[in-house]
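Undergrad: Sharing upload34.cif (mmCIF, C-alpha atoms, pLDDT in the B column; chains and numbers go by the auth columns) below.
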```cif
data_coords
loop_
_atom_site.group_PDB
_atom_site.id
_atom_site.type_symbol
_atom_site.label_atom_id
_atom_site.label_comp_id
_atom_site.label_asym_id
_atom_site.label_seq_id
_atom_site.Cartn_x
_atom_site.Cartn_y
_atom_site.Cartn_z
_atom_site.B_iso_or_equiv
_atom_site.auth_seq_id
_atom_site.auth_asym_id
ATOM 1 C CA MET A 1 8.996 31.925 9.448 62.00 1 A
ATOM 2 C CA THR A 2 9.096 35.717 9.805 63.00 2 A
ATOM 3 C CA SER A 3 8.701 36.554 6.108 64.00 3 A
ATOM 4 C CA PRO A 4 5.478 38.501 5.502 65.00 4 A
ATOM 5 C CA SER A 5 2.577 36.272 4.548 70.00 5 A
ATOM 6 C CA MET A 6 -0.353 37.156 2.316 68.00 6 A
ATOM 7 C CA ALA A 7 -2.557 37.551 5.394 69.00 7 A
ATOM 8 C CA HIS A 8 -0.035 39.973 6.936 71.00 8 A
ATOM 9 C CA ALA A 9 0.161 42.037 3.746 71.00 9 A
ATOM 10 C CA LEU A 10 -3.632 42.290 3.455 72.00 10 A
ATOM 11 C CA THR A 11 -3.969 43.224 7.131 73.00 11 A
ATOM 12 C CA THR A 12 -1.356 45.953 6.656 73.00 12 A
ATOM 13 C CA VAL A 13 -3.259 47.409 3.701 69.00 13 A
ATOM 14 C CA ALA A 14 -6.581 47.175 5.560 71.00 14 A
ATOM 15 C CA ARG A 15 -5.129 49.303 8.342 72.00 15 A
ATOM 16 C CA GLY A 16 -4.484 52.120 5.898 71.00 16 A
ATOM 17 C CA ARG A 17 -0.798 51.628 5.228 70.00 17 A
ATOM 18 C CA HIS A 18 0.728 51.847 1.769 72.00 18 A
ATOM 19 C CA LEU A 19 0.300 48.902 -0.597 70.00 19 A
ATOM 20 C CA PRO A 20 3.628 47.082 -1.235 69.00 20 A
ATOM 21 C CA ASP A 21 5.025 47.273 -4.755 72.00 21 A
ATOM 22 C CA ALA A 22 3.991 44.659 -7.313 69.00 22 A
ATOM 23 C CA PRO A 23 7.114 42.434 -7.128 71.00 23 A
ATOM 24 C CA THR A 24 6.812 42.282 -3.334 69.00 24 A
ATOM 25 C CA LEU A 25 3.165 41.307 -3.551 67.00 25 A
ATOM 26 C CA ALA A 26 3.993 38.657 -6.155 66.00 26 A
ATOM 27 C CA ARG A 27 6.508 37.036 -3.811 68.00 27 A
ATOM 28 C CA THR A 28 4.234 37.251 -0.788 69.00 28 A
ATOM 29 C CA ARG A 29 3.321 33.772 0.311 71.00 29 A
ATOM 30 C CA MET A 30 -0.095 32.455 1.309 70.00 30 A
ATOM 31 C CA GLY A 31 1.341 30.973 4.491 72.00 31 A
ATOM 32 C CA SER A 32 4.589 30.357 6.316 76.00 32 A
ATOM 33 C CA ALA A 33 7.333 27.755 6.178 78.00 33 A
ATOM 34 C CA ARG A 34 5.563 25.978 9.032 81.00 34 A
ATOM 35 C CA ASP A 35 2.431 25.626 6.876 80.00 35 A
ATOM 36 C CA VAL A 36 4.476 24.068 4.077 80.00 36 A
ATOM 37 C CA ALA A 37 6.065 21.586 6.471 83.00 37 A
ATOM 38 C CA ARG A 38 2.658 20.692 7.892 83.00 38 A
ATOM 39 C CA LEU A 39 1.290 20.085 4.387 80.00 39 A
ATOM 40 C CA LEU A 40 3.996 17.560 3.552 81.00 40 A
ATOM 41 C CA LEU A 41 4.072 15.859 6.934 82.00 41 A
ATOM 42 C CA LEU A 42 0.368 15.540 7.625 79.00 42 A
ATOM 43 C CA GLU A 43 -1.566 15.916 4.385 71.00 43 A
ATOM 44 C CA SER A 44 0.513 14.459 1.559 65.00 44 A
ATOM 45 C CA GLY A 45 -0.509 10.861 2.163 63.00 45 A
ATOM 46 C CA PRO A 46 1.230 7.948 3.907 67.00 46 A
ATOM 47 C CA TRP A 47 4.970 7.519 3.514 71.00 47 A
ATOM 48 C CA PRO A 48 6.703 4.144 3.220 70.00 48 A
ATOM 49 C CA GLU A 49 7.886 2.538 6.419 70.00 49 A
ATOM 50 C CA ALA A 50 11.073 4.270 7.498 73.00 50 A
ATOM 51 C CA PRO A 51 13.004 5.302 10.592 81.00 51 A
ATOM 52 C CA GLN A 52 11.073 7.801 12.683 85.00 52 A
ATOM 53 C CA VAL A 53 12.392 11.233 13.593 86.00 53 A
ATOM 54 C CA VAL A 54 10.879 13.875 15.859 86.00 54 A
ATOM 55 C CA VAL A 55 9.961 17.130 14.152 83.00 55 A
ATOM 56 C CA PRO A 56 9.534 19.980 16.670 80.00 56 A
ATOM 57 C CA GLY A 57 5.882 20.865 16.945 81.00 57 A
ATOM 58 C CA PHE A 58 4.691 17.948 14.806 83.00 58 A
ATOM 59 C CA GLY A 59 5.712 14.791 16.670 85.00 59 A
ATOM 60 C CA ALA A 60 7.350 11.708 15.164 86.00 60 A
ATOM 61 C CA HIS A 61 7.240 11.152 11.411 85.00 61 A
ATOM 62 C CA ALA A 62 8.931 9.014 8.795 86.00 62 A
ATOM 63 C CA ALA A 63 12.427 10.284 8.065 86.00 63 A
ATOM 64 C CA PRO A 64 11.797 10.772 4.304 85.00 64 A
ATOM 65 C CA ALA A 65 8.737 12.896 5.106 85.00 65 A
ATOM 66 C CA ALA A 66 10.727 15.035 7.516 89.00 66 A
ATOM 67 C CA ALA A 67 13.527 15.475 4.986 89.00 67 A
ATOM 68 C CA ALA A 68 11.061 16.439 2.257 87.00 68 A
ATOM 69 C CA ALA A 69 9.249 18.890 4.544 88.00 69 A
ATOM 70 C CA ALA A 70 12.511 20.589 5.499 90.00 70 A
ATOM 71 C CA ALA A 71 13.615 20.856 1.862 89.00 71 A
ATOM 72 C CA ALA A 72 10.256 22.258 0.748 87.00 72 A
ATOM 73 C CA ALA A 73 10.258 24.802 3.586 87.00 73 A
ATOM 74 C CA ALA A 74 13.787 25.844 2.611 87.00 74 A
ATOM 75 C CA TRP A 75 12.850 26.425 -1.033 84.00 75 A
ATOM 76 C CA TRP A 76 9.650 28.186 0.083 81.00 76 A
ATOM 77 C CA SER A 77 11.754 30.618 2.092 81.00 77 A
ATOM 78 C CA ARG A 78 14.252 31.478 -0.646 77.00 78 A
ATOM 79 C CA PRO A 79 15.749 33.918 -1.455 73.00 79 A
ATOM 80 C CA GLU A 80 15.338 35.491 1.996 77.00 80 A
ATOM 81 C CA LEU A 81 16.689 32.416 3.795 83.00 81 A
ATOM 82 C CA PRO A 82 20.482 32.671 4.293 88.00 82 A
ATOM 83 C CA LEU A 83 22.468 30.153 2.276 90.00 83 A
ATOM 84 C CA GLU A 84 23.880 28.356 5.332 93.00 84 A
ATOM 85 C CA HIS A 85 20.372 27.631 6.641 93.00 85 A
ATOM 86 C CA PHE A 86 19.172 26.639 3.188 91.00 86 A
ATOM 87 C CA ARG A 87 21.960 24.074 2.893 92.00 87 A
ATOM 88 C CA CYS A 88 21.239 22.768 6.392 93.00 88 A
ATOM 89 C CA LEU A 89 17.542 22.225 5.688 91.00 89 A
ATOM 90 C CA THR A 90 18.008 20.675 2.257 91.00 90 A
ATOM 91 C CA GLY A 91 21.019 18.539 3.210 92.00 91 A
ATOM 92 C CA PRO A 92 19.127 15.447 4.483 90.00 92 A
ATOM 93 C CA TRP A 93 16.929 15.341 1.389 87.00 93 A
ATOM 94 C CA ARG A 94 19.881 15.722 -0.985 86.00 94 A
ATOM 95 C CA SER A 95 21.784 12.996 0.869 86.00 95 A
ATOM 96 C CA MET A 96 18.810 10.654 0.788 78.00 96 A
ATOM 97 C CA MET A 97 18.306 11.167 -2.939 72.00 97 A
ATOM 98 C CA ALA A 98 21.989 10.526 -3.588 70.00 98 A
ATOM 99 C CA LEU A 99 21.795 7.234 -1.701 60.00 99 A
ATOM 100 C CA ASP A 100 18.633 6.131 -3.485 52.00 100 A
ATOM 101 C CA GLU A 101 19.705 3.689 -6.199 46.00 101 A
ATOM 102 C CA ALA A 102 16.229 3.376 -7.659 46.00 102 A
ATOM 103 C CA GLU A 103 15.638 5.442 -10.765 47.00 103 A
ATOM 104 C CA PRO A 104 12.675 7.814 -10.454 47.00 104 A
ATOM 105 C CA GLY A 105 9.621 6.840 -12.448 50.00 105 A
ATOM 106 C CA ALA A 106 9.457 8.330 -15.908 55.00 106 A
ATOM 107 C CA THR A 107 7.003 11.179 -16.340 61.00 107 A
ATOM 108 C CA GLY A 108 5.465 9.262 -19.223 63.00 108 A
ATOM 109 C CA ASP A 109 4.434 6.506 -16.827 76.00 109 A
ATOM 110 C CA VAL A 110 2.379 9.031 -14.847 81.00 110 A
ATOM 111 C CA LEU A 111 0.882 10.796 -17.861 87.00 111 A
ATOM 112 C CA GLY A 112 -0.106 7.594 -19.635 87.00 112 A
ATOM 113 C CA ASP A 113 -1.398 7.835 -23.187 91.00 113 A
ATOM 114 C CA ARG A 114 -1.272 11.641 -23.096 92.00 114 A
ATOM 115 C CA ALA A 115 2.466 11.811 -22.327 93.00 115 A
ATOM 116 C CA ASP A 116 3.442 12.819 -25.876 94.00 116 A
ATOM 117 C CA ALA A 117 0.857 15.606 -26.015 95.00 117 A
ATOM 118 C CA VAL A 118 1.984 17.022 -22.671 95.00 118 A
ATOM 119 C CA ALA A 119 5.654 16.731 -23.683 94.00 119 A
ATOM 120 C CA GLU A 120 4.910 18.716 -26.838 95.00 120 A
ATOM 121 C CA ALA A 121 3.276 21.466 -24.769 95.00 121 A
ATOM 122 C CA LEU A 122 6.212 21.535 -22.342 94.00 122 A
ATOM 123 C CA ASP A 123 8.678 21.753 -25.218 93.00 123 A
ATOM 124 C CA ALA A 124 6.769 24.752 -26.568 93.00 124 A
ATOM 125 C CA LEU A 125 6.946 26.462 -23.165 93.00 125 A
ATOM 126 C CA GLY A 126 10.687 25.836 -22.914 88.00 126 A
ATOM 127 C CA CYS A 127 11.442 26.928 -26.466 86.00 127 A
ATOM 128 C CA PRO A 128 13.889 29.889 -26.559 81.00 128 A
ATOM 129 C CA GLY A 129 11.509 31.674 -28.885 80.00 129 A
ATOM 130 C CA THR A 130 8.640 31.596 -26.398 86.00 130 A
ATOM 131 C CA ASP A 131 8.144 35.080 -24.968 91.00 131 A
ATOM 132 C CA LEU A 132 7.067 35.308 -21.346 92.00 132 A
ATOM 133 C CA ALA A 133 5.318 38.613 -21.983 92.00 133 A
ATOM 134 C CA SER A 134 3.200 37.018 -24.726 94.00 134 A
ATOM 135 C CA LEU A 135 2.052 34.273 -22.368 95.00 135 A
ATOM 136 C CA ALA A 136 1.283 36.820 -19.671 93.00 136 A
ATOM 137 C CA ALA A 137 -0.712 38.886 -22.165 94.00 137 A
ATOM 138 C CA VAL A 138 -3.190 36.093 -22.949 95.00 138 A
ATOM 139 C CA ARG A 139 -6.615 37.183 -21.697 94.00 139 A
ATOM 140 C CA TRP A 140 -9.715 35.058 -21.195 95.00 140 A
ATOM 141 C CA PRO A 141 -13.285 36.348 -20.916 94.00 141 A
ATOM 142 C CA PHE A 142 -14.262 36.879 -17.285 93.00 142 A
ATOM 143 C CA GLY A 143 -14.354 33.534 -15.469 93.00 143 A
ATOM 144 C CA ALA A 144 -13.497 31.472 -18.564 96.00 144 A
ATOM 145 C CA TRP A 145 -10.045 30.334 -17.371 96.00 145 A
ATOM 146 C CA GLN A 146 -11.306 29.443 -13.901 94.00 146 A
ATOM 147 C CA ASN A 147 -14.304 27.534 -15.254 96.00 147 A
ATOM 148 C CA ALA A 148 -12.208 25.603 -17.762 96.00 148 A
ATOM 149 C CA MET A 149 -9.589 24.643 -15.178 96.00 149 A
ATOM 150 C CA HIS A 150 -12.333 23.607 -12.755 95.00 150 A
ATOM 151 C CA ALA A 151 -13.955 21.415 -15.396 96.00 151 A
ATOM 152 C CA ALA A 152 -10.563 19.910 -16.191 96.00 152 A
ATOM 153 C CA ALA A 153 -9.942 19.131 -12.514 94.00 153 A
ATOM 154 C CA TRP A 154 -13.234 17.262 -12.274 95.00 154 A
ATOM 155 C CA ALA A 155 -12.430 15.374 -15.459 96.00 155 A
ATOM 156 C CA ALA A 156 -9.030 14.437 -14.041 94.00 156 A
ATOM 157 C CA PHE A 157 -10.738 13.176 -10.882 93.00 157 A
ATOM 158 C CA HIS A 158 -13.312 11.071 -12.728 94.00 158 A
ATOM 159 C CA HIS A 159 -10.705 9.579 -15.072 94.00 159 A
ATOM 160 C CA GLU A 160 -8.118 8.953 -12.336 91.00 160 A
ATOM 161 C CA ARG A 161 -5.643 11.495 -13.727 92.00 161 A
ATOM 162 C CA LEU A 162 -5.317 13.818 -10.733 88.00 162 A
ATOM 163 C CA ARG A 163 -1.692 12.854 -10.147 84.00 163 A
ATOM 164 C CA ALA A 164 -0.978 13.267 -13.844 90.00 164 A
ATOM 165 C CA GLN A 165 -2.566 16.709 -13.766 92.00 165 A
ATOM 166 C CA MET A 166 -0.387 17.709 -10.812 87.00 166 A
ATOM 167 C CA VAL A 167 2.753 16.474 -12.569 86.00 167 A
ATOM 168 C CA ALA A 168 1.831 18.369 -15.734 92.00 168 A
ATOM 169 C CA VAL A 169 1.163 21.629 -13.899 92.00 169 A
ATOM 170 C CA LEU A 170 4.345 21.389 -11.815 85.00 170 A
ATOM 171 C CA SER A 171 6.361 20.571 -14.926 88.00 171 A
ATOM 172 C CA ALA A 172 4.962 23.594 -16.748 92.00 172 A
ATOM 173 C CA THR A 173 5.752 25.829 -13.780 88.00 173 A
ATOM 174 C CA SER A 174 9.317 24.510 -13.591 84.00 174 A
ATOM 175 C CA GLN A 175 9.756 24.942 -17.333 89.00 175 A
ATOM 176 C CA LEU A 176 8.902 28.646 -17.160 89.00 176 A
ATOM 177 C CA VAL A 177 10.930 29.340 -14.030 84.00 177 A
ATOM 178 C CA ILE A 178 14.017 27.624 -15.456 83.00 178 A
ATOM 179 C CA ALA A 179 13.651 29.233 -18.882 87.00 179 A
ATOM 180 C CA HIS A 180 13.241 32.737 -17.401 87.00 180 A
ATOM 181 C CA PRO A 181 15.421 32.884 -14.273 80.00 181 A
ATOM 182 C CA GLY A 182 15.471 36.683 -14.056 80.00 182 A
ATOM 183 C CA ALA A 183 11.813 37.247 -14.862 83.00 183 A
ATOM 184 C CA ASP A 184 9.722 39.837 -13.078 83.00 184 A
ATOM 185 C CA PRO A 185 7.628 37.865 -10.559 80.00 185 A
ATOM 186 C CA VAL A 186 4.389 39.608 -11.526 82.00 186 A
ATOM 187 C CA GLU A 187 4.876 38.781 -15.207 88.00 187 A
ATOM 188 C CA LEU A 188 5.895 35.217 -14.374 88.00 188 A
ATOM 189 C CA ARG A 189 2.820 34.647 -12.243 86.00 189 A
ATOM 190 C CA SER A 190 0.587 36.053 -14.988 90.00 190 A
ATOM 191 C CA ALA A 191 2.194 33.764 -17.579 93.00 191 A
ATOM 192 C CA LEU A 192 1.468 30.683 -15.477 93.00 192 A
ATOM 193 C CA HIS A 193 -2.240 30.922 -16.310 95.00 193 A
ATOM 194 C CA ALA A 194 -1.502 30.251 -19.974 96.00 194 A
ATOM 195 C CA ALA A 195 1.185 27.660 -19.197 96.00 195 A
ATOM 196 C CA HIS A 196 -1.110 25.653 -16.947 96.00 196 A
ATOM 197 C CA ALA A 197 -4.009 25.845 -19.379 97.00 197 A
ATOM 198 C CA LEU A 198 -1.731 24.612 -22.152 97.00 198 A
ATOM 199 C CA VAL A 199 -0.551 21.447 -20.372 97.00 199 A
ATOM 200 C CA VAL A 200 -3.881 20.669 -18.717 97.00 200 A
ATOM 201 C CA GLY A 201 -5.576 20.916 -22.089 97.00 201 A
ATOM 202 C CA ALA A 202 -2.984 18.600 -23.604 97.00 202 A
ATOM 203 C CA LEU A 203 -3.462 16.077 -20.812 97.00 203 A
ATOM 204 C CA LEU A 204 -7.269 16.025 -20.754 97.00 204 A
ATOM 205 C CA ARG A 205 -8.334 17.082 -24.232 96.00 205 A
ATOM 206 C CA ASP A 206 -9.691 13.605 -24.975 96.00 206 A
ATOM 207 C CA VAL A 207 -12.175 13.685 -22.073 96.00 207 A
ATOM 208 C CA LEU A 208 -13.300 17.331 -22.066 97.00 208 A
ATOM 209 C CA ASP A 209 -16.255 18.946 -23.805 96.00 209 A
ATOM 210 C CA ALA A 210 -15.601 21.165 -26.806 96.00 210 A
ATOM 211 C CA GLU A 211 -16.270 24.431 -24.945 96.00 211 A
ATOM 212 C CA THR A 212 -13.711 23.657 -22.238 97.00 212 A
ATOM 213 C CA VAL A 213 -11.135 22.551 -24.807 97.00 213 A
ATOM 214 C CA GLU A 214 -11.539 25.793 -26.735 97.00 214 A
ATOM 215 C CA ALA A 215 -11.161 27.851 -23.562 97.00 215 A
ATOM 216 C CA LEU A 216 -7.938 26.072 -22.658 97.00 216 A
ATOM 217 C CA ARG A 217 -6.596 26.352 -26.195 96.00 217 A
ATOM 218 C CA MET A 218 -6.717 30.153 -25.927 97.00 218 A
ATOM 219 C CA ALA A 219 -3.354 29.746 -24.185 96.00 219 A
ATOM 220 C CA GLU A 220 -1.813 28.845 -27.546 95.00 220 A
ATOM 221 C CA ALA A 221 -2.087 32.518 -28.531 94.00 221 A
ATOM 222 C CA GLY A 222 0.864 33.212 -26.259 94.00 222 A
ATOM 223 C CA LEU A 223 3.242 30.833 -28.027 90.00 223 A
#
```
The structure in this file should be written as structure tokens.
TA:
Amino acid sequence: MTSPSMAHALTTVARGRHLPDAPTLARTRMGSARDVARLLLLESGPWPEAPQVVVPGFGAHAAPAAAAAAAAAAWWSRPELPLEHFRCLTGPWRSMMALDEAEPGATGDVLGDRADAVAEALDALGCPGTDLASLAAVRWPFGAWQNAMHAAAWAAFHHERLRAQMVAVLSATSQLVIAHPGADPVELRSALHAAHALVVGALLRDVLDAETVEALRMAEAGL
């Protein structure tokens, strides 16, 4: 809760103090752990019927939602959060998952007909030969990446693939983080632009116009 947020860092700079170093800025979060908990509890959609628990400051919520919010807030706060508190916050979620006998849905079920194309892109990102610096070095003309990703988001909405797009983007992010555990945070964040463009293009290539597809395919230069 007391870790510096993006707003705090910008306010500090605006008051004439020294700008933090690049790795610190890269780790600076847009909000606080409380904001993350609020997002899961109040804005992530309805949860299945479940026992209710009281979350301080938020009222009563379904137990799975509370467990998920605590786990997300714990991961959000790492590595600054002491290990004992991290284990305490993630414990209910880990216990619940261990008791859940149902197998999680396969990613392919979410991605539909484009599952193979997205899997191929993810495999390329996780390949030992893929250089993080090369992905980070991919450069688009001004506004091209943003425009292409915006067009892809609208296409995902119109073709009912928003959840698939989220799964693809989160999978690409996880793939890079796992493959490069000691990466410089600035370089990692820069590489995510290419990683996200790669999987989003794979997921939506069949419903995008040629210009958007070509913009997204520029990410392939980093592989």
Undergrad: Using all atoms listed in the file, can you tell me which of A:Ala63, A:Ala117, A:Ala37, A:Leu132 comes closest to Glu49 of chain A?
TA: A:Ala63
Undergrad: One number please: atom CA of Glu84 of chain A to atom CA of Glu43 of chain A, in Å, one decimal.
TA: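 It comes out at 28.3 Å.
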Undergrad: Given the file shown, enumerate the residues that the PyMOL selection byres ((chain A and resi 167-174) around 12) captures and present them as a PyMOL selection string.
TA: chain A and resi 105-112+114-126+149+153+156+161-166+175-181+188-204
Undergrad: Report as a VMD selection string the residues that result from applying the PyMOL selection byres ((chain A and resi 74) around 12) to the structure here.
TA: chain A and resid 1 32 to 34 36 to 37 67 to 73 75 to 93
Undergrad: Quick check, in Å to one decimal: how far apart do atom CA of Gly129 of chain A and atom CA of Gly222 of chain A lie?
TA: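 For atom CA of Gly129 of chain A relative to atom CA of Gly222 of chain A, the distance reads 11.1 Å.
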Undergrad: So the first atom is atom CA of Trp140 of chain A and the second is atom CA of Glu220 of chain A; what is the distance between them in Å, to one decimal place?
TA: 11.9 Å
Undergrad: Determine the nearest neighbour of Ala65 of chain A from the options A:Leu42, A:Leu135, A:Leu19, A:Leu216, counting all atoms listed in the file.
TA: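 Result for the nearest residue to Ala65 of chain A: A:Leu42.
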Undergrad: Please identify all polymer residues within 8 Å of Ala66 of chain A, counting all atoms listed in the file, omitting same-chain residues fewer than 5 positions from it, and present them as a list in words.
TA: Leu41, Val53, Val55 and His61 of chain A
Undergrad: For the selection just defined, write its residues with C-alpha atoms to a file, as a PDB file, in the frame of the given file.
TA:
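Output file again-v4.pdb is given in full below:
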```pdb
ATOM      1  CA  LEU A  41       4.072  15.859   6.934  1.00 82.00           C
ATOM      2  CA  VAL A  53      12.392  11.233  13.593  1.00 86.00           C
ATOM      3  CA  VAL A  55       9.961  17.130  14.152  1.00 83.00           C
ATOM      4  CA  HIS A  61       7.240  11.152  11.411  1.00 85.00           C
TER       5      HIS A  61
END
```
Undergrad: Considering only C-alpha atoms, can you say which of A:Leu223, A:Ala9, A:Arg29, A:Met96 comes closest to Thr130 of chain A?
TA: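 Looking at the shortest contact to Thr130 of chain A, the residue is A:Leu223.
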Undergrad: Missing atoms in segment 14-23 of chain A should be modelled up to all heavy atoms and reported as a PDB file, in the frame of the given file.
TA:
```
ATOM      1  N   ALA A  14      -5.279  46.878   4.969  1.00 71.00           N
ATOM      2  CA  ALA A  14      -6.581  47.175   5.560  1.00 71.00           C
ATOM      3  C   ALA A  14      -6.474  48.235   6.653  1.00 71.00           C
ATOM      4  O   ALA A  14      -7.434  48.966   6.911  1.00 71.00           O
ATOM      5  CB  ALA A  14      -7.187  45.900   6.137  1.00 71.00           C
ATOM      6  N   ARG A  15      -5.327  48.314   7.278  1.00 72.00           N
ATOM      7  CA  ARG A  15      -5.129  49.303   8.342  1.00 72.00           C
ATOM      8  C   ARG A  15      -4.702  50.661   7.801  1.00 72.00           C
ATOM      9  O   ARG A  15      -4.360  51.555   8.566  1.00 72.00           O
ATOM     10  CB  ARG A  15      -4.077  48.793   9.328  1.00 72.00           C
ATOM     11  CG  ARG A  15      -4.582  47.617  10.163  1.00 72.00           C
ATOM     12  CD  ARG A  15      -3.487  47.042  11.042  1.00 72.00           C
ATOM     13  NE  ARG A  15      -3.990  45.948  11.867  1.00 72.00           N
ATOM     14  CZ  ARG A  15      -3.211  45.113  12.540  1.00 72.00           C
ATOM     15  NH1 ARG A  15      -1.887  45.242  12.485  1.00 72.00           N
ATOM     16  NH2 ARG A  15      -3.744  44.146  13.273  1.00 72.00           N
ATOM     17  N   GLY A  16      -4.734  50.822   6.491  1.00 71.00           N
ATOM     18  CA  GLY A  16      -4.484  52.120   5.898  1.00 71.00           C
ATOM     19  C   GLY A  16      -3.056  52.396   5.512  1.00 71.00           C
ATOM     20  O   GLY A  16      -2.730  53.513   5.109  1.00 71.00           O
ATOM     21  N   ARG A  17      -2.180  51.396   5.614  1.00 70.00           N
ATOM     22  CA  ARG A  17      -0.798  51.628   5.228  1.00 70.00           C
ATOM     23  C   ARG A  17      -0.649  51.479   3.716  1.00 70.00           C
ATOM     24  O   ARG A  17      -1.539  51.001   3.022  1.00 70.00           O
ATOM     25  CB  ARG A  17       0.116  50.642   5.956  1.00 70.00           C
ATOM     26  CG  ARG A  17       0.029  50.766   7.472  1.00 70.00           C
ATOM     27  CD  ARG A  17       0.915  49.752   8.165  1.00 70.00           C
ATOM     28  NE  ARG A  17       0.711  49.780   9.610  1.00 70.00           N
ATOM     29  CZ  ARG A  17       1.288  48.943  10.448  1.00 70.00           C
ATOM     30  NH1 ARG A  17       2.098  48.004   9.997  1.00 70.00           N
ATOM     31  NH2 ARG A  17       1.055  49.033  11.741  1.00 70.00           N
ATOM     32  N   HIS A  18       0.512  51.868   3.207  1.00 72.00           N
ATOM     33  CA  HIS A  18       0.728  51.847   1.769  1.00 72.00           C
ATOM     34  C   HIS A  18       0.785  50.407   1.252  1.00 72.00           C
ATOM     35  O   HIS A  18       1.322  49.516   1.902  1.00 72.00           O
ATOM     36  CB  HIS A  18       2.025  52.572   1.411  1.00 72.00           C
ATOM     37  CG  HIS A  18       1.948  54.051   1.649  1.00 72.00           C
ATOM     38  ND1 HIS A  18       1.070  54.868   0.971  1.00 72.00           N
ATOM     39  CD2 HIS A  18       2.629  54.853   2.503  1.00 72.00           C
ATOM     40  CE1 HIS A  18       1.223  56.110   1.393  1.00 72.00           C
ATOM     41  NE2 HIS A  18       2.159  56.129   2.322  1.00 72.00           N
ATOM     42  N   LEU A  19       0.248  50.208   0.057  1.00 70.00           N
ATOM     43  CA  LEU A  19       0.300  48.902  -0.597  1.00 70.00           C
ATOM     44  C   LEU A  19       1.732  48.622  -1.045  1.00 70.00           C
ATOM     45  O   LEU A  19       2.370  49.490  -1.641  1.00 70.00           O
ATOM     46  CB  LEU A  19      -0.627  48.891  -1.814  1.00 70.00           C
ATOM     47  CG  LEU A  19      -0.839  47.566  -2.519  1.00 70.00           C
ATOM     48  CD1 LEU A  19      -1.651  46.632  -1.633  1.00 70.00           C
ATOM     49  CD2 LEU A  19      -1.565  47.779  -3.844  1.00 70.00           C
ATOM     50  N   PRO A  20       2.267  47.411  -0.762  1.00 69.00           N
ATOM     51  CA  PRO A  20       3.628  47.082  -1.235  1.00 69.00           C
ATOM     52  C   PRO A  20       3.684  47.122  -2.755  1.00 69.00           C
ATOM     53  O   PRO A  20       2.659  47.044  -3.439  1.00 69.00           O
ATOM     54  CB  PRO A  20       3.833  45.648  -0.712  1.00 69.00           C
ATOM     55  CG  PRO A  20       2.850  45.490   0.396  1.00 69.00           C
ATOM     56  CD  PRO A  20       1.670  46.335   0.018  1.00 69.00           C
ATOM     57  N   ASP A  21       4.896  47.248  -3.302  1.00 72.00           N
ATOM     58  CA  ASP A  21       5.025  47.273  -4.755  1.00 72.00           C
ATOM     59  C   ASP A  21       4.687  45.902  -5.335  1.00 72.00           C
ATOM     60  O   ASP A  21       4.614  44.906  -4.624  1.00 72.00           O
ATOM     61  CB  ASP A  21       6.419  47.727  -5.188  1.00 72.00           C
ATOM     62  CG  ASP A  21       7.525  46.840  -4.626  1.00 72.00           C
ATOM     63  OD1 ASP A  21       7.278  45.632  -4.421  1.00 72.00           O
ATOM     64  OD2 ASP A  21       8.635  47.348  -4.413  1.00 72.00           O
ATOM     65  N   ALA A  22       4.476  45.871  -6.654  1.00 69.00           N
ATOM     66  CA  ALA A  22       3.991  44.659  -7.313  1.00 69.00           C
ATOM     67  C   ALA A  22       4.912  43.452  -7.130  1.00 69.00           C
ATOM     68  O   ALA A  22       4.445  42.361  -6.807  1.00 69.00           O
ATOM     69  CB  ALA A  22       3.750  44.933  -8.798  1.00 69.00           C
ATOM     70  N   PRO A  23       6.240  43.605  -7.319  1.00 71.00           N
ATOM     71  CA  PRO A  23       7.114  42.434  -7.128  1.00 71.00           C
ATOM     72  C   PRO A  23       7.048  41.873  -5.707  1.00 71.00           C
ATOM     73  O   PRO A  23       7.094  40.664  -5.504  1.00 71.00           O
ATOM     74  CB  PRO A  23       8.508  42.985  -7.458  1.00 71.00           C
ATOM     75  CG  PRO A  23       8.251  44.122  -8.382  1.00 71.00           C
ATOM     76  CD  PRO A  23       6.987  44.750  -7.868  1.00 71.00           C
TER      77      PRO A  23
END
```
